[in-house]
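J.: So here's data32.cif, just mmCIF, C-alpha atoms:
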data_target
#
loop_
_atom_site.group_PDB
_atom_site.id
_atom_site.type_symbol
_atom_site.label_atom_id
_atom_site.label_comp_id
_atom_site.auth_asym_id
_atom_site.auth_seq_id
_atom_site.Cartn_x
_atom_site.Cartn_y
_atom_site.Cartn_z
ATOM 1 C CA MET A 1 -51.727 244.692 117.745
ATOM 2 C CA ALA A 2 -55.054 243.506 119.023
ATOM 3 C CA GLU A 3 -57.808 246.012 118.417
ATOM 4 C CA HIS A 4 -59.469 247.652 121.397
ATOM 5 C CA HIS A 5 -62.891 246.207 122.018
ATOM 6 C CA SER A 6 -65.831 248.308 123.037
ATOM 7 C CA GLU A 7 -66.970 248.023 126.620
ATOM 8 C CA SER A 8 -70.618 247.924 125.575
ATOM 9 C CA LEU A 9 -69.883 244.578 123.884
ATOM 10 C CA TYR A 10 -68.512 243.258 127.183
ATOM 11 C CA MET A 11 -71.677 244.363 128.974
ATOM 12 C CA THR A 12 -73.857 242.664 126.340
ATOM 13 C CA ILE A 13 -71.913 239.423 126.897
ATOM 14 C CA PHE A 14 -72.311 239.892 130.652
ATOM 15 C CA TYR A 15 -76.109 240.094 130.307
ATOM 16 C CA TYR A 16 -76.125 236.959 128.128
ATOM 17 C CA LEU A 17 -74.068 235.113 130.737
ATOM 18 C CA LEU A 18 -76.350 236.310 133.523
ATOM 19 C CA ALA A 19 -79.470 235.271 131.603
ATOM 20 C CA LEU A 20 -78.012 231.829 130.833
ATOM 21 C CA THR A 21 -77.058 231.338 134.513
ATOM 22 C CA ILE A 22 -80.623 232.139 135.588
ATOM 23 C CA LEU A 23 -82.018 229.816 132.881
ATOM 24 C CA GLU A 24 -79.655 227.067 134.065
ATOM 25 C CA ILE A 25 -80.961 227.339 137.618
ATOM 26 C CA ILE A 26 -84.578 227.349 136.376
ATOM 27 C CA ALA A 27 -83.826 224.233 134.302
ATOM 28 C CA ALA A 28 -82.074 222.510 137.217
ATOM 29 C CA LEU A 29 -84.738 222.960 139.905
ATOM 30 C CA PRO A 30 -87.727 220.843 138.742
ATOM 31 C CA ASN A 31 -87.629 217.053 138.553
ATOM 32 C CA TYR A 32 -87.869 215.630 135.031
ATOM 33 C CA ALA A 33 -86.100 213.174 132.729
ATOM 34 C CA THR A 34 -82.402 213.138 133.639
ATOM 35 C CA TRP A 35 -81.194 212.865 130.043
ATOM 36 C CA LEU A 36 -83.216 215.946 129.065
ATOM 37 C CA LYS A 37 -82.078 217.943 132.088
ATOM 38 C CA ALA A 38 -78.438 216.965 131.510
ATOM 39 C CA SER A 39 -78.643 217.843 127.791
ATOM 40 C CA LEU A 40 -80.215 221.238 128.489
ATOM 41 C CA LEU A 41 -77.726 222.107 131.218
ATOM 42 C CA ILE A 42 -74.677 220.956 129.226
ATOM 43 C CA ALA A 43 -75.864 222.897 126.161
ATOM 44 C CA MET A 44 -76.258 226.067 128.237
ATOM 45 C CA ALA A 45 -72.890 225.561 129.969
ATOM 46 C CA VAL A 46 -71.124 225.070 126.625
ATOM 47 C CA GLY A 47 -72.879 228.206 125.365
ATOM 48 C CA LYS A 48 -71.665 230.209 128.368
ATOM 49 C CA ALA A 49 -68.127 228.831 128.093
ATOM 50 C CA SER A 50 -68.083 229.727 124.372
ATOM 51 C CA LEU A 51 -69.178 233.294 125.124
ATOM 52 C CA VAL A 52 -66.382 233.677 127.680
ATOM 53 C CA ALA A 53 -63.781 232.202 125.305
ATOM 54 C CA MET A 54 -64.970 234.073 122.210
ATOM 55 C CA PHE A 55 -65.373 237.547 123.683
ATOM 56 C CA PHE A 56 -63.654 237.873 127.083
ATOM 57 C CA MET A 57 -60.666 235.837 125.900
ATOM 58 C CA HIS A 58 -60.851 237.559 122.479
ATOM 59 C CA LEU A 59 -60.787 234.277 120.567
ATOM 60 C CA ARG A 60 -63.301 235.777 118.153
ATOM 61 C CA PHE A 61 -60.690 238.344 117.152
ATOM 62 C CA GLU A 62 -57.659 236.031 117.012
ATOM 63 C CA ARG A 63 -56.235 233.885 114.235
ATOM 64 C CA LEU A 64 -58.427 230.919 113.327
ATOM 65 C CA THR A 65 -55.616 228.458 114.077
ATOM 66 C CA LEU A 66 -55.490 229.641 117.704
ATOM 67 C CA GLY A 67 -59.219 228.992 117.924
ATOM 68 C CA VAL A 68 -58.729 225.484 116.553
ATOM 69 C CA ILE A 69 -56.034 224.834 119.169
ATOM 70 C CA ALA A 70 -58.307 226.160 121.922
ATOM 71 C CA PHE A 71 -61.170 223.955 120.687
ATOM 72 C CA THR A 72 -59.056 220.759 120.711
ATOM 73 C CA PRO A 73 -59.494 219.878 124.426
ATOM 74 C CA LEU A 74 -63.285 219.827 124.025
ATOM 75 C CA VAL A 75 -63.010 217.339 121.143
ATOM 76 C CA ILE A 76 -60.536 215.178 123.058
ATOM 77 C CA CYS A 77 -62.732 215.226 126.169
ATOM 78 C CA VAL A 78 -65.783 214.099 124.209
ATOM 79 C CA PHE A 79 -63.599 211.340 122.752
ATOM 80 C CA LEU A 80 -62.485 210.482 126.300
ATOM 81 C CA VAL A 81 -66.099 210.041 127.398
ATOM 82 C CA PHE A 82 -66.657 207.579 124.541
ATOM 83 C CA MET A 83 -63.468 205.752 125.499
ATOM 84 C CA LEU A 84 -64.854 205.359 129.038
ATOM 85 C CA THR A 85 -68.179 203.966 127.803
ATOM 86 C CA PRO A 86 -67.067 200.281 127.508
ATOM 87 C CA ASP A 87 -65.963 200.376 131.152
ATOM 88 C CA LEU A 88 -69.295 201.806 132.210
ATOM 89 C CA GLY A 89 -71.173 199.057 130.364
ATOM 90 C CA ALA A 90 -69.227 196.474 132.354
ATOM 91 C CA ILE A 91 -70.614 197.647 135.695
ATOM 92 C CA ALA A 92 -73.271 195.035 136.419
ATOM 93 C CA HIS A 93 -74.683 196.308 139.730
ATOM 94 C CA LYS A 94 -75.762 199.530 138.051
ATOM 95 C CA THR A 95 -78.914 197.894 136.695
ATOM 96 C CA THR A 96 -79.494 195.109 139.238
ATOM 97 C CA VAL A 97 -79.090 196.712 142.676
ATOM 98 C CA PRO A 98 -81.644 199.547 142.442
ATOM 99 C CA ALA A 99 -84.243 197.167 141.006
ATOM 100 C CA GLN A 100 -83.851 194.815 143.989
ATOM 101 C CA HIS A 101 -84.090 197.742 146.383
ATOM 102 C CA THR A 102 -87.350 199.008 144.949
ATOM 103 C CA THR A 103 -88.995 195.590 144.868
ATOM 104 C CA GLY A 104 -87.722 194.882 148.380
ATOM 105 C CA ALA A 105 -89.170 198.113 149.684
ATOM 106 C CA LYS A 106 -92.592 197.580 148.151
ATOM 107 C CA HIS A 107 -93.210 194.041 149.375
ATOM 108 C CA MET B 1 -41.970 245.181 110.215
ATOM 109 C CA SER B 2 -42.137 241.546 111.211
ATOM 110 C CA GLU B 3 -40.895 240.302 107.863
ATOM 111 C CA ALA B 4 -38.131 242.850 107.812
ATOM 112 C CA ALA B 5 -37.056 241.707 111.258
ATOM 113 C CA ALA B 6 -37.250 238.102 110.190
ATOM 114 C CA MET B 7 -35.028 238.836 107.189
ATOM 115 C CA HIS B 8 -32.132 239.611 109.480
ATOM 116 C CA ALA B 9 -31.006 236.104 110.258
ATOM 117 C CA GLY B 10 -28.726 237.367 113.006
ATOM 118 C CA HIS B 11 -31.667 238.610 115.069
ATOM 119 C CA ALA B 12 -33.428 235.359 115.830
ATOM 120 C CA GLU B 13 -35.045 236.839 118.954
ATOM 121 C CA SER B 14 -37.088 239.315 116.917
ATOM 122 C CA TYR B 15 -39.119 236.588 115.170
ATOM 123 C CA GLU B 16 -42.776 237.013 115.923
ATOM 124 C CA SER B 17 -45.006 234.390 117.425
ATOM 125 C CA PRO B 18 -46.864 232.851 114.462
ATOM 126 C CA LEU B 19 -50.359 232.832 115.987
ATOM 127 C CA THR B 20 -50.230 235.803 118.352
ATOM 128 C CA PRO B 21 -48.051 238.418 116.654
ATOM 129 C CA GLU B 22 -48.292 240.816 119.593
ATOM 130 C CA SER B 23 -46.600 238.520 122.085
ATOM 131 C CA TRP B 24 -45.054 235.080 122.572
ATOM 132 C CA GLY B 25 -46.340 235.091 126.125
ATOM 133 C CA LYS B 26 -49.914 235.029 124.886
ATOM 134 C CA LEU B 27 -49.254 231.921 122.793
ATOM 135 C CA GLY B 28 -47.541 230.379 125.812
ATOM 136 C CA MET B 29 -50.551 231.093 127.999
ATOM 137 C CA TRP B 30 -52.922 229.605 125.422
ATOM 138 C CA VAL B 31 -50.842 226.428 125.190
ATOM 139 C CA PHE B 32 -50.854 226.202 128.990
ATOM 140 C CA LEU B 33 -54.612 226.759 129.132
ATOM 141 C CA VAL B 34 -55.268 224.063 126.527
ATOM 142 C CA GLY B 35 -53.284 221.624 128.678
ATOM 143 C CA ASP B 36 -55.075 222.803 131.794
ATOM 144 C CA ALA B 37 -58.422 222.370 130.057
ATOM 145 C CA MET B 38 -57.479 218.729 129.492
ATOM 146 C CA SER B 39 -56.753 218.348 133.229
ATOM 147 C CA PHE B 40 -60.199 219.642 134.102
ATOM 148 C CA GLY B 41 -61.792 217.762 131.210
ATOM 149 C CA THR B 42 -60.274 214.510 132.426
ATOM 150 C CA LEU B 43 -61.449 215.130 135.988
ATOM 151 C CA LEU B 44 -64.980 215.879 134.793
ATOM 152 C CA ALA B 45 -65.059 212.891 132.423
ATOM 153 C CA GLY B 46 -63.835 210.675 135.272
ATOM 154 C CA TYR B 47 -66.508 212.170 137.515
ATOM 155 C CA GLY B 48 -69.167 211.432 134.906
ATOM 156 C CA GLY B 49 -67.954 207.864 134.504
ATOM 157 C CA ILE B 50 -67.893 207.162 138.249
ATOM 158 C CA ARG B 51 -71.291 208.760 138.747
ATOM 159 C CA TYR B 52 -72.906 206.912 135.860
ATOM 160 C CA GLY B 53 -71.539 203.631 137.193
ATOM 161 C CA SER B 54 -72.763 204.248 140.726
ATOM 162 C CA ALA B 55 -76.108 202.947 141.943
ATOM 163 C CA ASP B 56 -76.456 205.250 144.955
ATOM 164 C CA TRP B 57 -75.068 208.589 143.821
ATOM 165 C CA PRO B 58 -76.699 211.388 145.852
ATOM 166 C CA LYS B 59 -78.551 214.182 144.048
ATOM 167 C CA PRO B 60 -75.973 216.987 144.292
ATOM 168 C CA TYR B 61 -78.445 219.879 144.272
ATOM 169 C CA GLU B 62 -80.244 218.370 147.266
ATOM 170 C CA VAL B 63 -77.079 217.629 149.210
ATOM 171 C CA LEU B 64 -74.810 220.545 148.319
ATOM 172 C CA GLY B 65 -77.367 223.274 147.754
ATOM 173 C CA ILE B 66 -77.047 225.488 144.687
ATOM 174 C CA TRP B 67 -77.806 228.984 145.934
ATOM 175 C CA LEU B 68 -74.414 229.784 147.410
ATOM 176 C CA THR B 69 -72.635 228.380 144.351
ATOM 177 C CA ALA B 70 -75.044 230.192 142.019
ATOM 178 C CA GLY B 71 -73.938 233.372 143.789
ATOM 179 C CA MET B 72 -70.291 232.316 143.381
ATOM 180 C CA THR B 73 -70.904 231.740 139.654
ATOM 181 C CA PHE B 74 -72.372 235.217 139.367
ATOM 182 C CA LEU B 75 -69.382 236.629 141.259
ATOM 183 C CA LEU B 76 -66.856 235.023 138.894
ATOM 184 C CA ILE B 77 -68.760 236.282 135.831
ATOM 185 C CA VAL B 78 -68.796 239.798 137.297
ATOM 186 C CA SER B 79 -65.088 239.577 138.114
ATOM 187 C CA SER B 80 -64.436 238.547 134.492
ATOM 188 C CA VAL B 81 -66.235 241.715 133.380
ATOM 189 C CA TRP B 82 -64.101 243.770 135.804
ATOM 190 C CA MET B 83 -61.022 242.095 134.322
ATOM 191 C CA VAL B 84 -61.904 243.094 130.730
ATOM 192 C CA LYS B 85 -62.727 246.601 131.962
ATOM 193 C CA GLY B 86 -59.315 246.756 133.653
ATOM 194 C CA LEU B 87 -57.663 245.728 130.389
ATOM 195 C CA ALA B 88 -59.729 248.266 128.428
ATOM 196 C CA ALA B 89 -58.674 250.956 130.952
ATOM 197 C CA ILE B 90 -54.939 250.344 130.554
ATOM 198 C CA GLN B 91 -55.386 250.260 126.765
ATOM 199 C CA ARG B 92 -56.487 253.893 126.948
ATOM 200 C CA ASN B 93 -53.894 254.867 129.611
ATOM 201 C CA ASP B 94 -56.530 255.285 132.321
ATOM 202 C CA TYR B 95 -54.405 254.206 135.304
ATOM 203 C CA ALA B 96 -56.971 254.994 138.002
ATOM 204 C CA ALA B 97 -59.638 252.813 136.320
ATOM 205 C CA PHE B 98 -57.027 250.096 135.700
ATOM 206 C CA ARG B 99 -56.124 249.941 139.402
ATOM 207 C CA LYS B 100 -59.793 250.050 140.401
ATOM 208 C CA PHE B 101 -60.969 247.257 138.107
ATOM 209 C CA ILE B 102 -57.999 244.922 138.643
ATOM 210 C CA GLY B 103 -58.426 245.544 142.377
ATOM 211 C CA LEU B 104 -62.116 244.639 142.124
ATOM 212 C CA THR B 105 -61.232 241.495 140.152
ATOM 213 C CA ILE B 106 -58.859 240.430 142.936
ATOM 214 C CA LEU B 107 -61.539 241.204 145.524
ATOM 215 C CA GLY B 108 -64.005 239.045 143.557
ATOM 216 C CA GLY B 109 -61.523 236.165 143.624
ATOM 217 C CA VAL B 110 -60.961 236.557 147.370
ATOM 218 C CA ILE B 111 -64.719 236.608 148.081
ATOM 219 C CA PHE B 112 -65.128 233.512 145.886
ATOM 220 C CA LEU B 113 -62.459 231.692 147.902
ATOM 221 C CA SER B 114 -64.070 232.800 151.163
ATOM 222 C CA CYS B 115 -67.420 231.406 149.998
ATOM 223 C CA GLN B 116 -65.725 228.149 149.068
ATOM 224 C CA ALA B 117 -63.997 227.970 152.458
ATOM 225 C CA TYR B 118 -67.359 228.583 154.148
ATOM 226 C CA GLU B 119 -69.022 225.904 151.983
ATOM 227 C CA TRP B 120 -66.318 223.298 152.612
ATOM 228 C CA ASN B 121 -66.376 224.053 156.331
ATOM 229 C CA LYS B 122 -70.149 223.621 156.421
ATOM 230 C CA LEU B 123 -70.095 220.392 154.397
ATOM 231 C CA ILE B 124 -67.192 218.791 156.263
ATOM 232 C CA PHE B 125 -67.859 219.756 159.864
ATOM 233 C CA HIS B 126 -71.620 220.227 159.971
ATOM 234 C CA GLU B 127 -72.961 217.824 157.362
ATOM 235 C CA GLY B 128 -70.365 215.070 157.560
ATOM 236 C CA LEU B 129 -69.229 215.064 153.924
ATOM 237 C CA GLY B 130 -65.834 213.381 154.107
ATOM 238 C CA PHE B 131 -63.198 212.619 151.509
ATOM 239 C CA THR B 132 -63.843 208.872 151.702
ATOM 240 C CA SER B 133 -67.266 208.634 153.341
ATOM 241 C CA ASN B 134 -70.488 210.586 153.648
ATOM 242 C CA PRO B 135 -73.992 210.084 155.011
ATOM 243 C CA TYR B 136 -75.710 210.384 151.608
ATOM 244 C CA GLY B 137 -74.548 207.398 149.559
ATOM 245 C CA ALA B 138 -71.647 206.620 147.230
ATOM 246 C CA SER B 139 -68.365 207.290 149.039
ATOM 247 C CA LEU B 140 -66.741 208.615 145.859
ATOM 248 C CA PHE B 141 -69.227 211.487 145.896
ATOM 249 C CA GLY B 142 -67.098 213.309 148.472
ATOM 250 C CA THR B 143 -63.826 212.330 146.799
ATOM 251 C CA THR B 144 -64.792 213.693 143.394
ATOM 252 C CA PHE B 145 -66.410 216.785 144.929
ATOM 253 C CA PHE B 146 -63.322 217.770 146.916
ATOM 254 C CA ILE B 147 -60.842 216.972 144.139
ATOM 255 C CA ILE B 148 -62.704 218.919 141.437
ATOM 256 C CA THR B 149 -63.736 221.957 143.493
ATOM 257 C CA GLY B 150 -60.362 221.905 145.281
ATOM 258 C CA PHE B 151 -58.435 221.816 142.003
ATOM 259 C CA HIS B 152 -60.498 224.745 140.780
ATOM 260 C CA GLY B 153 -60.085 226.593 144.081
ATOM 261 C CA MET B 154 -56.313 226.232 143.758
ATOM 262 C CA HIS B 155 -56.569 227.802 140.306
ATOM 263 C CA VAL B 156 -58.508 230.729 141.758
ATOM 264 C CA THR B 157 -55.871 231.097 144.503
ATOM 265 C CA GLY B 158 -53.165 231.110 141.834
ATOM 266 C CA GLY B 159 -55.160 233.656 139.837
ATOM 267 C CA VAL B 160 -55.538 235.958 142.847
ATOM 268 C CA ILE B 161 -51.761 235.875 143.457
ATOM 269 C CA TYR B 162 -51.075 236.353 139.733
ATOM 270 C CA LEU B 163 -53.426 239.362 139.522
ATOM 271 C CA LEU B 164 -52.012 240.795 142.723
ATOM 272 C CA CYS B 165 -48.574 240.791 141.057
ATOM 273 C CA ILE B 166 -50.056 242.505 137.975
ATOM 274 C CA TRP B 167 -51.812 245.057 140.201
ATOM 275 C CA LEU B 168 -48.635 245.824 142.185
ATOM 276 C CA ARG B 169 -46.546 246.111 139.007
ATOM 277 C CA GLY B 170 -49.240 248.397 137.578
ATOM 278 C CA MET B 171 -48.742 250.626 140.632
ATOM 279 C CA THR B 172 -45.144 251.226 139.532
ATOM 280 C CA GLY B 173 -46.366 252.319 136.090
ATOM 281 C CA ALA B 174 -45.137 249.181 134.341
ATOM 282 C CA TYR B 175 -48.096 249.095 131.920
ATOM 283 C CA SER B 176 -49.531 251.565 129.448
ATOM 284 C CA ALA B 177 -51.501 251.782 126.212
ATOM 285 C CA ASN B 178 -48.360 250.606 124.403
ATOM 286 C CA ASN B 179 -47.507 247.856 126.850
ATOM 287 C CA TYR B 180 -50.469 245.884 128.137
ATOM 288 C CA ASN B 181 -49.674 242.341 126.957
ATOM 289 C CA SER B 182 -48.960 241.081 130.483
ATOM 290 C CA VAL B 183 -52.360 242.339 131.626
ATOM 291 C CA GLU B 184 -54.109 240.659 128.702
ATOM 292 C CA ILE B 185 -52.287 237.359 129.367
ATOM 293 C CA ALA B 186 -53.244 237.444 133.067
ATOM 294 C CA GLY B 187 -56.796 238.151 131.916
ATOM 295 C CA LEU B 188 -56.763 235.035 129.719
ATOM 296 C CA TYR B 189 -55.937 232.942 132.783
ATOM 297 C CA TRP B 190 -58.629 234.605 134.878
ATOM 298 C CA HIS B 191 -61.337 234.133 132.229
ATOM 299 C CA PHE B 192 -60.290 230.508 131.879
ATOM 300 C CA VAL B 193 -60.821 229.979 135.611
ATOM 301 C CA ASP B 194 -64.291 231.519 135.162
ATOM 302 C CA LEU B 195 -64.967 229.265 132.150
ATOM 303 C CA VAL B 196 -63.967 226.149 134.093
ATOM 304 C CA TRP B 197 -66.206 227.143 137.004
ATOM 305 C CA ILE B 198 -69.156 227.383 134.599
ATOM 306 C CA MET B 199 -68.491 223.724 133.721
ATOM 307 C CA VAL B 200 -67.866 222.637 137.324
ATOM 308 C CA PHE B 201 -71.046 224.393 138.507
ATOM 309 C CA THR B 202 -73.050 222.576 135.850
ATOM 310 C CA PHE B 203 -71.591 219.090 136.273
ATOM 311 C CA VAL B 204 -70.936 218.969 140.013
ATOM 312 C CA TYR B 205 -73.845 221.024 141.369
ATOM 313 C CA LEU B 206 -76.707 221.281 138.876
ATOM 314 C CA ILE B 207 -76.966 217.962 137.026
#
Would you kindly transcribe this structure into structure tokens?

T.:
Amino acid sequence: MAEHHSESLYMTIFYYLLALTILEIIAALPNYATWLKASLLIAMAVGKASLVAMFFMHLRFERLTLGVIAFTPLVICVFLVFMLTPDLGAIAHKTTVPAQHTTGAKH
Amino acid sequence: MSEAAAMHAGHAESYESPLTPESWGKLGMWVFLVGDAMSFGTLLAGYGGIRYGSADWPKPYEVLGIWLTAGMTFLLIVSSVWMVKGLAAIQRNDYAAFRKFIGLTILGGVIFLSCQAYEWNKLIFHEGLGFTSNPYGASLFGTTFFIITGFHGMHVTGGVIYLLCIWLRGMTGAYSANNYNSVEIAGLYWHFVDLVWIMVFTFVYLI
């Protein structure tokens, strides 16, 4: 039988999720380096998703093997992104077109 | 008890689920959710690939606006809290609180869907965001937006119907402190939908 979890723990997790959502919006609003913004936002989103999975979905209190199974899609998706990378490198207009546009606009 | 049951070879149906001893259904739901996570993961990876390869991808937070969806994110998080409170209520045989919190969870899902309907309506009919073309730039912007948010919206719709069934069955006294596995399994699905929205909100709206 799964143990009964205290409702104060759920509220604590709720406040964490709320705080992270507000931080995400604060991080998303200003204009700065895209890689930094993307890294910050993805880190916070993964943090929020982990909180939901660990506490609301009780993964923290389940068998470790179930946690490993639940974690698998994340690993495979990261792998998938790397598998897509060669295709992305083959897209030539990505680097040429915007450069032409900017020079064209300035002259 | 489990080992004793397992000893009786004639009673194959009493074998326990290896990872979730309290119910096979829970293991089934987890396996489904892992597969579903791959569906969403693939959509988001594809989205990332298309966007990275595009020279004129619009800035989503300028085009889509983030305040309505930030509110929707908040709503789903709150509804997740209501869901765990509903589960906690039935675990202590508090039927009134169970009906209240599951009802609120369903209401949260319905409001979420209404917001999404309002947003889609605004984007399609007032701002010209089409499935294959839009006034902002890359045509695939609309395609990926509608497929990803639509796929998630369908999950929320499914979740609302699923929870409605749980709520109605709860009305007949089907669940109690000794029998709440179905509620917990429905909760797993609902929290997963919340979890996916956290990712969709980040990738499709914020970045």

J.: Report as an mmCIF file with C-alpha atoms, keeping the file's coordinate frame the full result of the PyMOL selection byres ((chain B) within 9 of (chain A)) when it is applied to this structure.

T.:
data_model
loop_
_atom_site.group_PDB
_atom_site.id
_atom_site.type_symbol
_atom_site.label_atom_id
_atom_site.label_comp_id
_atom_site.auth_asym_id
_atom_site.auth_seq_id
_atom_site.Cartn_x
_atom_site.Cartn_y
_atom_site.Cartn_z
ATOM 1 C CA LEU B 19 -50.359 232.832 115.987
ATOM 2 C CA THR B 20 -50.230 235.803 118.352
ATOM 3 C CA PRO B 21 -48.051 238.418 116.654
ATOM 4 C CA GLU B 22 -48.292 240.816 119.593
ATOM 5 C CA LEU B 27 -49.254 231.921 122.793
ATOM 6 C CA TRP B 30 -52.922 229.605 125.422
ATOM 7 C CA VAL B 31 -50.842 226.428 125.190
ATOM 8 C CA LEU B 33 -54.612 226.759 129.132
ATOM 9 C CA VAL B 34 -55.268 224.063 126.527
ATOM 10 C CA GLY B 35 -53.284 221.624 128.678
ATOM 11 C CA ALA B 37 -58.422 222.370 130.057
ATOM 12 C CA MET B 38 -57.479 218.729 129.492
ATOM 13 C CA GLY B 41 -61.792 217.762 131.210
ATOM 14 C CA THR B 42 -60.274 214.510 132.426
ATOM 15 C CA LEU B 44 -64.980 215.879 134.793
ATOM 16 C CA ALA B 45 -65.059 212.891 132.423
ATOM 17 C CA GLY B 46 -63.835 210.675 135.272
ATOM 18 C CA GLY B 48 -69.167 211.432 134.906
ATOM 19 C CA GLY B 49 -67.954 207.864 134.504
ATOM 20 C CA ILE B 50 -67.893 207.162 138.249
ATOM 21 C CA TYR B 52 -72.906 206.912 135.860
ATOM 22 C CA GLY B 53 -71.539 203.631 137.193
ATOM 23 C CA SER B 54 -72.763 204.248 140.726
ATOM 24 C CA ALA B 55 -76.108 202.947 141.943
ATOM 25 C CA ASP B 56 -76.456 205.250 144.955
ATOM 26 C CA TYR B 61 -78.445 219.879 144.272
ATOM 27 C CA ILE B 66 -77.047 225.488 144.687
ATOM 28 C CA ALA B 70 -75.044 230.192 142.019
ATOM 29 C CA THR B 73 -70.904 231.740 139.654
ATOM 30 C CA PHE B 74 -72.372 235.217 139.367
ATOM 31 C CA ILE B 77 -68.760 236.282 135.831
ATOM 32 C CA VAL B 78 -68.796 239.798 137.297
ATOM 33 C CA SER B 80 -64.436 238.547 134.492
ATOM 34 C CA VAL B 81 -66.235 241.715 133.380
ATOM 35 C CA MET B 83 -61.022 242.095 134.322
ATOM 36 C CA VAL B 84 -61.904 243.094 130.730
ATOM 37 C CA LYS B 85 -62.727 246.601 131.962
ATOM 38 C CA ALA B 88 -59.729 248.266 128.428
ATOM 39 C CA GLN B 91 -55.386 250.260 126.765
ATOM 40 C CA ARG B 92 -56.487 253.893 126.948
ATOM 41 C CA GLU B 184 -54.109 240.659 128.702
ATOM 42 C CA GLY B 187 -56.796 238.151 131.916
ATOM 43 C CA LEU B 188 -56.763 235.035 129.719
ATOM 44 C CA TYR B 189 -55.937 232.942 132.783
ATOM 45 C CA HIS B 191 -61.337 234.133 132.229
ATOM 46 C CA PHE B 192 -60.290 230.508 131.879
ATOM 47 C CA ASP B 194 -64.291 231.519 135.162
ATOM 48 C CA LEU B 195 -64.967 229.265 132.150
ATOM 49 C CA VAL B 196 -63.967 226.149 134.093
ATOM 50 C CA ILE B 198 -69.156 227.383 134.599
ATOM 51 C CA MET B 199 -68.491 223.724 133.721
ATOM 52 C CA PHE B 201 -71.046 224.393 138.507
ATOM 53 C CA THR B 202 -73.050 222.576 135.850
ATOM 54 C CA PHE B 203 -71.591 219.090 136.273
ATOM 55 C CA LEU B 206 -76.707 221.281 138.876
ATOM 56 C CA ILE B 207 -76.966 217.962 137.026
#

J.: Excluding B:Ile124 and its own-chain neighbours fewer than 5 positions away, which residues fall within 12 Å of it when counting only C-alpha atoms? Please give them as a ChimeraX atom specification.

T.: /B:64,116-119,129-135,142-143,145-146

J.: Determine the residue membership of the PyMOL selection byres ((chain B and resi 160) around 12) for the file above and supply it as JSON, numbers by chain.

T.: {"B": [79, 83, 102, 103, 104, 105, 106, 107, 108, 109, 110, 111, 112, 113, 153, 154, 155, 156, 157, 158, 159, 161, 162, 163, 164, 165, 166, 167, 186, 187, 189, 190, 193]}

J.: Would you work out the distance separating atom CA of B:Ser114 from atom CA of B:Leu75, expressed in Å to one decimal?

T.: 11.9 Å

J.: Atom CA of B:Trp57 and atom CA of B:Gly137, how far apart in Å?

T.: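 Separation between atom CA of B:Gly137 and atom CA of B:Trp57: 5.9 Å.
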
J.: Calculated over all atoms listed in the file, which of the candidates B:His152, B:Cys115, B:Gly128, B:Gly28 has the smallest distance to B:Gly71?

T.: B:Cys115

J.: In Å to one decimal, how far is atom CA of B:Arg51 from atom CA of B:Leu140?

T.: 8.4 Å

J.: Each side padded by 4 Å, which centre and which edge lengths in Å (one decimal) define the axis-aligned box around the listed atoms of stretch 4-19 of chain A? Give them as JSON.

T.:
{"center_x": -69.5, "center_y": 241.7, "center_z": 127.5, "size_x": 28.0, "size_y": 21.2, "size_z": 20.1}

J.: Pick out the closest residue to B:Thr144 from this set: B:Val200, B:Leu76, B:Ile185, B:Met171. Count all atoms listed in the file.

T.: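 Using all atoms listed in the file, B:Thr144 sits closest to B:Val200.
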